[in-house]
Structures are given as C-alpha cells and as structure tokens.
Amino acid sequence: MQNLMPEPPATLLPAHDEADAALAAAETDGGDEALAEVAARYPTYSAAWGALAARALAAGQAVQAYAYARTGYHRGLDQLRRNGWKGHGPVPWSHEPNQGFLRCLYVLSRAADEIGEADEAARCAQFLRDCDPAAADALSSN
C-alpha cells in the first residue's frame with residue numbers, strides 16, 4: 001500500500017567546523033583520551049560520542065560503547081528537534097553533519113544487542129532504517 005500523506009522534509013543538522021577539525025585531529029593523532037577531550041569540549045557534538053562508542057565497541061567494551069552511544073544519541077535528538085524534526089521523517093546519511101547522530105544510533109543498537117537488550121537493539125536498528133536506509137547500509141558495511 002502506498003502512503004498518500006506527504007513525508008516531512010528531511011532534517012539537516014548544521015555543520016560544526018571547529019568540532020569537525022578537532023575530531024579529525026583526535027582520530028589521527030590520539031587515542032581514546034583525545035576523543036574524550038573532543039567530547040568534553042563539544043558535548044552536544046554527536047560525532048565525538050559516536051567515535052568513542054565505535055572505538056569502545058571494537059575493543060570489546062560493550063557497556064562503555066552503550067553509554068557513549070546513548071549520550072550521543074540523546075544529544076543528537078536534541079539537535080534534531082532544534083532543527084525542526086518532529087519525531088519522524090528522514091535524517092539523510094548523505095548530509096555529513098547528520099552522520100554523528102546516525103552512527104550513535106547504529107552503535108547503540110549493536111551495543112544493546114551485545115549486552116542482551118534485544119528489544120532496544122531492534123528498536124534502534126529500525127529507527128536507523130526509518131531515518132535513512134542508506135545509513136544502515138553504510139554503517140553495517142564498515
């Protein structure tokens with residue numbers, strides 16, 4: 001069945017050039033401590049939390065990954081709402097400033113699964129696909 005109601009417009013988060021530069025430097029020059037410094041300096045910047053979460057998950061630290069990802073997810077929801085998102089509608093992966101939030105949502109789903117929180121894992125995975133199926137595809141292929 002085709003939905004005849006118009007879809008809400010895509011939500012595009014604003015760029016944060018200073019935080020982007022700090023994150024890029026931390027990812028190339030430093031480890032977890034450098035990433036944590038970026039998250040502390042820019043606590044509303046989901047990309048820093050997503051980087052911390054992904055690194056923790058890769059290191060087998062599912063609880064830490066869950067905590068980092070949940071923080072970035074909630075900070076991202078705040079930003080989405082401030083930028084017109086009403087709780088549904090596209091959040092395109094192709095718009096780079098959205099990628100931090102979407103990465104947090106992806107890692108939150110994976111970390112929830114690893115700690116045995118299956119309902120949360122499924123909910124987050126579905127939310128990611130609802131935001132943009134391309135995000136789920138891009139993140140799961142990494």
# chains A, B, ... in the order shown; residues from 1 in each chain; ligands from 1
$ residues_around --residues "Leu102 (chain A)" --least-positions-apart "3" --cutoff "8 Å" --atoms "only C-alpha atoms" --output "PDB file with C-alpha atoms, in the first residue's frame"
ATOM      1  CA  TYR A  73      22.065   9.668  20.527  1.00  0.00           C
ATOM      2  CA  TRP A  93      23.129   9.953   5.821  1.00  0.00           C
ATOM      3  CA  ASN A  98      23.798  14.024  10.392  1.00  0.00           C
ATOM      4  CA  GLN A  99      26.318  11.189  10.398  1.00  0.00           C
ATOM      5  CA  LEU A 105      22.157   5.139  16.770  1.00  0.00           C
ATOM      6  CA  TYR A 106      23.906   2.304  14.916  1.00  0.00           C
ATOM      7  CA  LEU A 128      18.128   3.926  11.925  1.00  0.00           C
ATOM      8  CA  ALA A 135      22.838   4.932   6.821  1.00  0.00           C
TER       9      ALA A 135
END
$ residues_around --residues "region 27-31 of chain A" --least-positions-apart "2" --cutoff "12 Å" --atoms "only C-alpha atoms" --output "list in words"
Asp20, Ala21, Ala22, Leu23, Ala24, Ala25, Glu33, Ala34, Leu35, Ala36, Glu37, Val38, Ala47, Ala48, Gly50, Ala51, Leu52, Ala54, Arg55 and Ala56 of chain A
$ closest_residue --among "A:Leu57, A:Ala136, A:Cys131, A:Ala125" --to "His88 (chain A)" --atoms "only C-alpha atoms"
A:Cys131
$ residues_around --residues "region 4-16 of chain A" --least-positions-apart "6" --cutoff "7 Å" --atoms "only C-alpha atoms" --output "list in words"
Leu80, Asn83, Gly84, Trp85, Gly89, Pro90, Val91, Pro92, His95, Pro97 and Asn98 of chain A
$ write_last_selection --atoms "N, CA and C atoms" --output "PDB file, in the first residue's frame"
ATOM      1  N   LEU A  80      18.327  17.532  16.542  1.00  0.00           N
ATOM      2  CA  LEU A  80      17.324  17.311  15.500  1.00  0.00           C
ATOM      3  C   LEU A  80      16.056  18.099  15.801  1.00  0.00           C
ATOM      4  N   ASN A  83      16.238  21.648  15.136  1.00  0.00           N
ATOM      5  CA  ASN A  83      16.311  21.948  13.707  1.00  0.00           C
ATOM      6  C   ASN A  83      15.073  21.491  12.943  1.00  0.00           C
ATOM      7  N   GLY A  84      13.955  21.368  13.663  1.00  0.00           N
ATOM      8  CA  GLY A  84      12.676  21.148  13.011  1.00  0.00           C
ATOM      9  C   GLY A  84      12.152  19.737  12.952  1.00  0.00           C
ATOM     10  N   TRP A  85      12.902  18.763  13.421  1.00  0.00           N
ATOM     11  CA  TRP A  85      12.454  17.365  13.379  1.00  0.00           C
ATOM     12  C   TRP A  85      11.329  17.184  14.385  1.00  0.00           C
ATOM     13  N   GLY A  89      10.489  11.239  10.145  1.00  0.00           N
ATOM     14  CA  GLY A  89      10.924  11.838   8.883  1.00  0.00           C
ATOM     15  C   GLY A  89      12.392  11.568   8.629  1.00  0.00           C
ATOM     16  N   PRO A  90      12.825  11.812   7.417  1.00  0.00           N
ATOM     17  CA  PRO A  90      14.183  11.464   7.017  1.00  0.00           C
ATOM     18  C   PRO A  90      15.263  12.303   7.699  1.00  0.00           C
ATOM     19  N   VAL A  91      16.335  11.598   8.034  1.00  0.00           N
ATOM     20  CA  VAL A  91      17.568  12.210   8.543  1.00  0.00           C
ATOM     21  C   VAL A  91      18.661  11.645   7.637  1.00  0.00           C
ATOM     22  N   PRO A  92      18.939  12.296   6.510  1.00  0.00           N
ATOM     23  CA  PRO A  92      19.787  11.693   5.479  1.00  0.00           C
ATOM     24  C   PRO A  92      21.251  11.494   5.889  1.00  0.00           C
ATOM     25  N   HIS A  95      24.007  13.783   4.237  1.00  0.00           N
ATOM     26  CA  HIS A  95      24.321  15.091   4.824  1.00  0.00           C
ATOM     27  C   HIS A  95      25.292  14.850   5.982  1.00  0.00           C
ATOM     28  N   PRO A  97      26.800  16.364   8.496  1.00  0.00           N
ATOM     29  CA  PRO A  97      26.530  16.682   9.901  1.00  0.00           C
ATOM     30  C   PRO A  97      25.532  15.739  10.574  1.00  0.00           C
ATOM     31  N   ASN A  98      24.726  15.004   9.813  1.00  0.00           N
ATOM     32  CA  ASN A  98      23.798  14.024  10.392  1.00  0.00           C
ATOM     33  C   ASN A  98      24.498  12.723  10.772  1.00  0.00           C
TER      34      ASN A  98
END
$ atom_distance --atom1 "CA of Arg41 (chain A)" --atom2 "CA of Arg103 (chain A)"
19.5 Å
$ select_by_dssp --residues "chain A" --states "helix (DSSP H, G or I)" --output "PyMOL selection string"
chain A and resi 17-29+32-41+46-58+62-82+96-114+118-131+133-140
$ closest_residue --among "A:Ala39, A:Ala134, A:Ala59, A:Cys124" --to "Arg110 (chain A)" --atoms "only C-alpha atoms"
A:Cys124
$ atom_distance --atom1 "CA of Glu96 (chain A)" --atom2 "CA of Ser46 (chain A)"
11.8 Å
